[in-house]
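Q: My structure is below; once you've seen it, I'll send some questions.
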Amino acid sequence: MYGVNAILKKELSDHFGSYRFIILFGLIAMVSLITVYMVGLEIKQNIEGVATPKHIFLLLFTSSGVMFSLTEFVGFFGPLIGLILGFDTINRERNDGTLSKLLSQPIYRDTVLNGKFLAGVSVITVMMCSIVLVITGLGLSMVGVIPGLEGVWRIGVYLIISIVYISFWLCLAMLFSILFPSVVTSALSAIAVWIFFSFFLPLGANAVANAVTPEVGLSNADAQLQRARIEKGISLISPKQLYEDSTITIINPMRKTNHSFVRMGVLEKISLSRFSGPLPLSQSILVVMPYIASLLAITIMCFAISYIAFMRQEIRSL
Amino acid sequence: MEIGTVIETKELTKIYNTQVAVDHLSLNIRRGEIFGFLGPNGAGKTTTLLMLLGLTEPSSGKVRVLDVEPTRNPIKVKKIIGYLPENIGFYRDLNARQMLQFIADLNQLPMVVAGERIEYALKEVGLIEEAGKKIGAYSRGMRQRLGIAEVLIKDPQIVFLDEPTLGLDPDATNRMIELIQSVSEKKEMTVILSSHFLHQAQKICDRVGIMIKGKMVAQGSMDHLAEEALGIGTKDYALEEIYMKYFREG
């Protein structure tokens, strides 16, 4: 496409040269390394003298060593990568007076948006891939177990979901940077949304579920079930929940459903107790397909809204 | 479109919400001339330029730039017009060469052509020695000249300069005016120059248009306007007198 390359090239060199990126990358690399180191030590101690169980390698990503596992960590702080990369995409150009110059060049208006989004996604991809590779390397030397072909595939799928998830937050930050003329406002509102979805929604879901279902004892199974259903339904509004549910199922072959035990049907409970082997990758993907599709859908929707908002803006106010 | 006319607008109108920014403007710009686009702040000059570039959609009326409609085919128009916006911004972390290379990339110029044009433009605006410095360290005058260099990279047929001398010291202002004049002569470019420096405008403009509150109140050669505003036979006049006359009436 006309001009996208030029903008992509410039944005990439901006990103990789910026202190913002270096600090962010350093921070995330450090936390991931510490997490994996702790997890690695634990796994190493636990598997000594035991016949090596299957898919031990993937445990590096899901078991929580000190405080949280890597997937939880990305679920929490991955959005921050997207937000930090995107919160001043458009309004900084506008405030610096470079946007009108950019748009007076022979490019379409959406080219600016596309180029910047692609650059952001590339940076996210580089960041996530390098982190996962470092973890894999460290894990290999610490645990001493080589991931099987399926393990590698699973890590690949995990990477893709993570990139989509972080891209959603990038998109959201870009949308705010289009809507709000001030960089500070767009940064703060993006962070507010992140805090809401990451911290308050899970609490709120619980409170709402408790409020709308009658107070019952453990004996009333129907009411319990309803409460669990409502809570889950509300918490699924959060992209973080979508992300965590899907990645945990992808990384952990022993996890066969996204339902909590309360919400399982009778047959589901029976099959869970009868068949205890790991799920093949294709089945794991099938289980979380709705979640992945939702993640992708909200990302595309967010991009579409930014696109429309940007195209409709008067250049005079740019 | 008449022969020799490069820009033509008919009854061009732009309304922001309820405010009329440009009011039934009819404008004719001829090939190779320097057209002084004068008027008080907020008269609608920038809005008019944006509509000519296809960056803003007119509410009604017609625009044609070299027989192309800017709203229909903005890319084609933006290829032939170089635009130096008011309060032009730069990427402070780039140096002049990188900035010009970026502009060249956006215009899809081949490597060799881009290289030649960058050197030419830097020489023309006198920034060749400072070309390796970051733009953040440039003075206001240097930035404005870099802005001109950016316009030259495109090798445009028409150039819009929106307040190119704003905030420059007297010496830099004169150099800027000379630069504009020499470039326009050498390249036979049509220049639309919007400025508040009437003294300089009088020196280099072939024709002027005075815009007040969205309306073009006078348009024509300087002598013609002087006759109209100050009476027949006026020889020694300043553009400022003409401007103030129209300004008081408008």
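Chain identifiers are assigned as A, B, and so on, following the order in which chains appear in the structure tokens; residues are numbered from 1 within each chain, and ligands are numbered from 1 in order of appearance.
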May I ask you to extract the residues of chain B within 10 Å of chain A, using only C-alpha atoms, and to give them as number ranges by chain?

A: B: 16, 46-47, 50-51, 53-57, 74-94, 98-99, 101-108, 147, 150-151, 154

Q: Applying 8 Å and only C-alpha atoms, which residues near Leu122 (chain B) remain after dropping the ones on its own chain fewer than 6 positions away? List them as a ChimeraX atom specification.

A: /B:128,131,146,149

Q: Store the residues picked out above, limited to N, CA and C atoms, as a PDB file, in the first residue's frame.

A:
ATOM      1  N   ILE B 128      22.885  23.001   4.112  1.00  0.00           N
ATOM      2  CA  ILE B 128      23.716  21.837   3.807  1.00  0.00           C
ATOM      3  C   ILE B 128      24.716  21.548   4.931  1.00  0.00           C
ATOM      4  N   ALA B 131      22.908  19.932   8.031  1.00  0.00           N
ATOM      5  CA  ALA B 131      21.999  18.842   7.680  1.00  0.00           C
ATOM      6  C   ALA B 131      22.116  17.637   8.608  1.00  0.00           C
ATOM      7  N   LEU B 146      13.883  24.679   6.516  1.00  0.00           N
ATOM      8  CA  LEU B 146      13.752  23.238   6.303  1.00  0.00           C
ATOM      9  C   LEU B 146      12.370  22.907   5.754  1.00  0.00           C
ATOM     10  N   ALA B 149      12.491  23.387   2.231  1.00  0.00           N
ATOM     11  CA  ALA B 149      13.214  22.266   1.614  1.00  0.00           C
ATOM     12  C   ALA B 149      12.288  21.066   1.438  1.00  0.00           C
TER      13      ALA B 149
END

Q: For a quick check of understanding, using only C-alpha atoms, which of B:Ile135, B:Ile210, B:Leu161, B:Leu166 has the smallest distance to Phe197 (chain B)?

A: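 The shortest atom-to-atom distance to Phe197 (chain B) comes from B:Leu166.
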
Q: Asn28 (chain B): which residues within 10 Å, counting only C-alpha atoms, same-chain residues fewer than 4 positions away excluded, as a ChimeraX atom specification?

A: /B:1-2,4-10,35,64,209,219-220

Q: What lies within 6 Å of Ile230 (chain A) using only C-alpha atoms, ignoring chain neighbours under 3 positions off, as a PyMOL selection string?

A: chain A and resi 209+227+233

Q: With only C-alpha atoms as the basis for distance, which of A:Ser271, A:Ser141, A:Thr89, A:Thr35 is at the shortest distance from Thr71 (chain A)?

A: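 Nearest to Thr71 (chain A): A:Thr35.
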
Q: Need the shell around Leu188 (chain A): protein/DNA/RNA residues with any atom at most 12 Å away, counting only C-alpha atoms. Skip same-chain ones fewer than 3 positions apart. Format as JSON, numbers by chain?

A: {"A": [80, 83, 84, 87, 88, 173, 176, 177, 180, 182, 183, 184, 185, 191, 192, 193, 194, 195]}

Q: According to DSSP computed on the backbone, where in region 95-242 of chain B is there alpha helix (DSSP H)? Give the residues as a compact mmCIF listing (two decimals) with C-alpha atoms, in the first residue's frame.

A:
# COMPACT_ATOMS: atom_id res chain seq x y z
CA ALA B 96 17.35 17.39 8.36
CA ARG B 97 18.47 14.69 5.94
CA GLN B 98 16.41 11.98 7.63
CA MET B 99 13.39 14.28 7.70
CA LEU B 100 13.70 14.99 3.98
CA GLN B 101 14.28 11.31 3.26
CA PHE B 102 11.05 10.51 5.11
CA ILE B 103 9.16 13.02 2.97
CA ALA B 104 10.77 11.52 -0.14
CA ASP B 105 9.68 8.03 0.98
CA LEU B 106 6.12 9.23 1.48
CA MET B 111 16.40 6.33 -4.15
CA VAL B 112 18.57 8.15 -6.70
CA VAL B 113 16.06 10.92 -7.39
CA ALA B 114 15.44 11.37 -3.69
CA GLY B 115 19.16 11.68 -2.98
CA GLU B 116 19.64 14.29 -5.68
CA ARG B 117 16.63 16.31 -4.63
CA ILE B 118 17.60 16.24 -0.96
CA GLU B 119 21.06 17.64 -1.75
CA TYR B 120 19.56 20.21 -4.09
CA ALA B 121 16.93 21.33 -1.58
CA LEU B 122 19.43 21.55 1.28
CA LYS B 123 21.74 23.67 -0.86
CA GLU B 124 18.92 25.88 -2.03
CA VAL B 125 17.74 26.74 1.49
CA ARG B 140 13.02 29.03 14.17
CA GLY B 141 14.49 30.44 10.96
CA MET B 142 16.28 27.19 10.17
CA ARG B 143 13.10 25.22 10.74
CA GLN B 144 11.15 27.41 8.38
CA ARG B 145 13.84 26.97 5.75
CA LEU B 146 13.75 23.24 6.30
CA GLY B 147 10.02 23.49 5.72
CA ILE B 148 10.73 25.06 2.34
CA ALA B 149 13.21 22.27 1.61
CA GLU B 150 10.49 19.72 2.36
CA VAL B 151 8.28 21.44 -0.18
CA LEU B 152 11.07 21.42 -2.77
CA ILE B 153 11.61 17.66 -2.35
CA PRO B 170 13.81 40.86 10.13
CA ASP B 171 16.91 39.42 8.52
CA ALA B 172 15.50 35.89 8.39
CA THR B 173 12.25 37.30 7.02
CA ASN B 174 14.06 39.00 4.17
CA ARG B 175 16.07 35.89 3.41
CA MET B 176 12.91 33.81 3.41
CA ILE B 177 11.19 36.19 1.00
CA GLU B 178 14.21 36.17 -1.30
CA LEU B 179 14.34 32.41 -1.14
CA ILE B 180 10.69 32.12 -2.11
CA GLN B 181 11.17 34.52 -4.99
CA SER B 182 14.26 32.84 -6.36
CA VAL B 183 12.82 29.35 -6.09
CA SER B 184 9.60 30.35 -7.78
CA GLU B 185 11.51 31.96 -10.64
CA LYS B 186 13.92 29.10 -11.14
CA LYS B 187 11.31 26.37 -11.09
CA LEU B 198 2.45 43.42 3.74
CA HIS B 199 5.69 45.19 2.99
CA GLN B 200 7.34 41.95 1.89
CA ALA B 201 4.26 40.76 0.12
CA GLN B 202 4.19 43.95 -1.93
CA LYS B 203 7.76 43.28 -3.04
CA ILE B 204 7.26 39.85 -4.49
CA MET B 222 -1.45 45.65 -6.99
CA ASP B 223 -1.89 48.67 -9.29
CA HIS B 224 -5.44 47.68 -10.02
CA LEU B 225 -6.30 47.44 -6.33
CA ALA B 226 -4.59 50.73 -5.61
CA GLU B 227 -6.73 52.45 -8.21
CA GLU B 228 -9.85 50.88 -6.84
CA ALA B 229 -9.14 51.62 -3.22
CA LEU B 230 -7.19 54.82 -3.23
CA LEU B 239 -0.04 47.66 0.17
CA GLU B 240 -0.78 48.40 3.78
CA GLU B 241 -2.94 51.41 2.83
CA ILE B 242 -5.00 49.29 0.46

Q: So that I can check the surroundings of Leu138 (chain A), please list as a PyMOL selection string every protein, DNA and RNA residue that reaches within 12 Å of it, counting only C-alpha atoms and ignoring chain neighbours fewer than 5 positions away.

A: chain A and resi 32-41+57+60+131-133+143-146
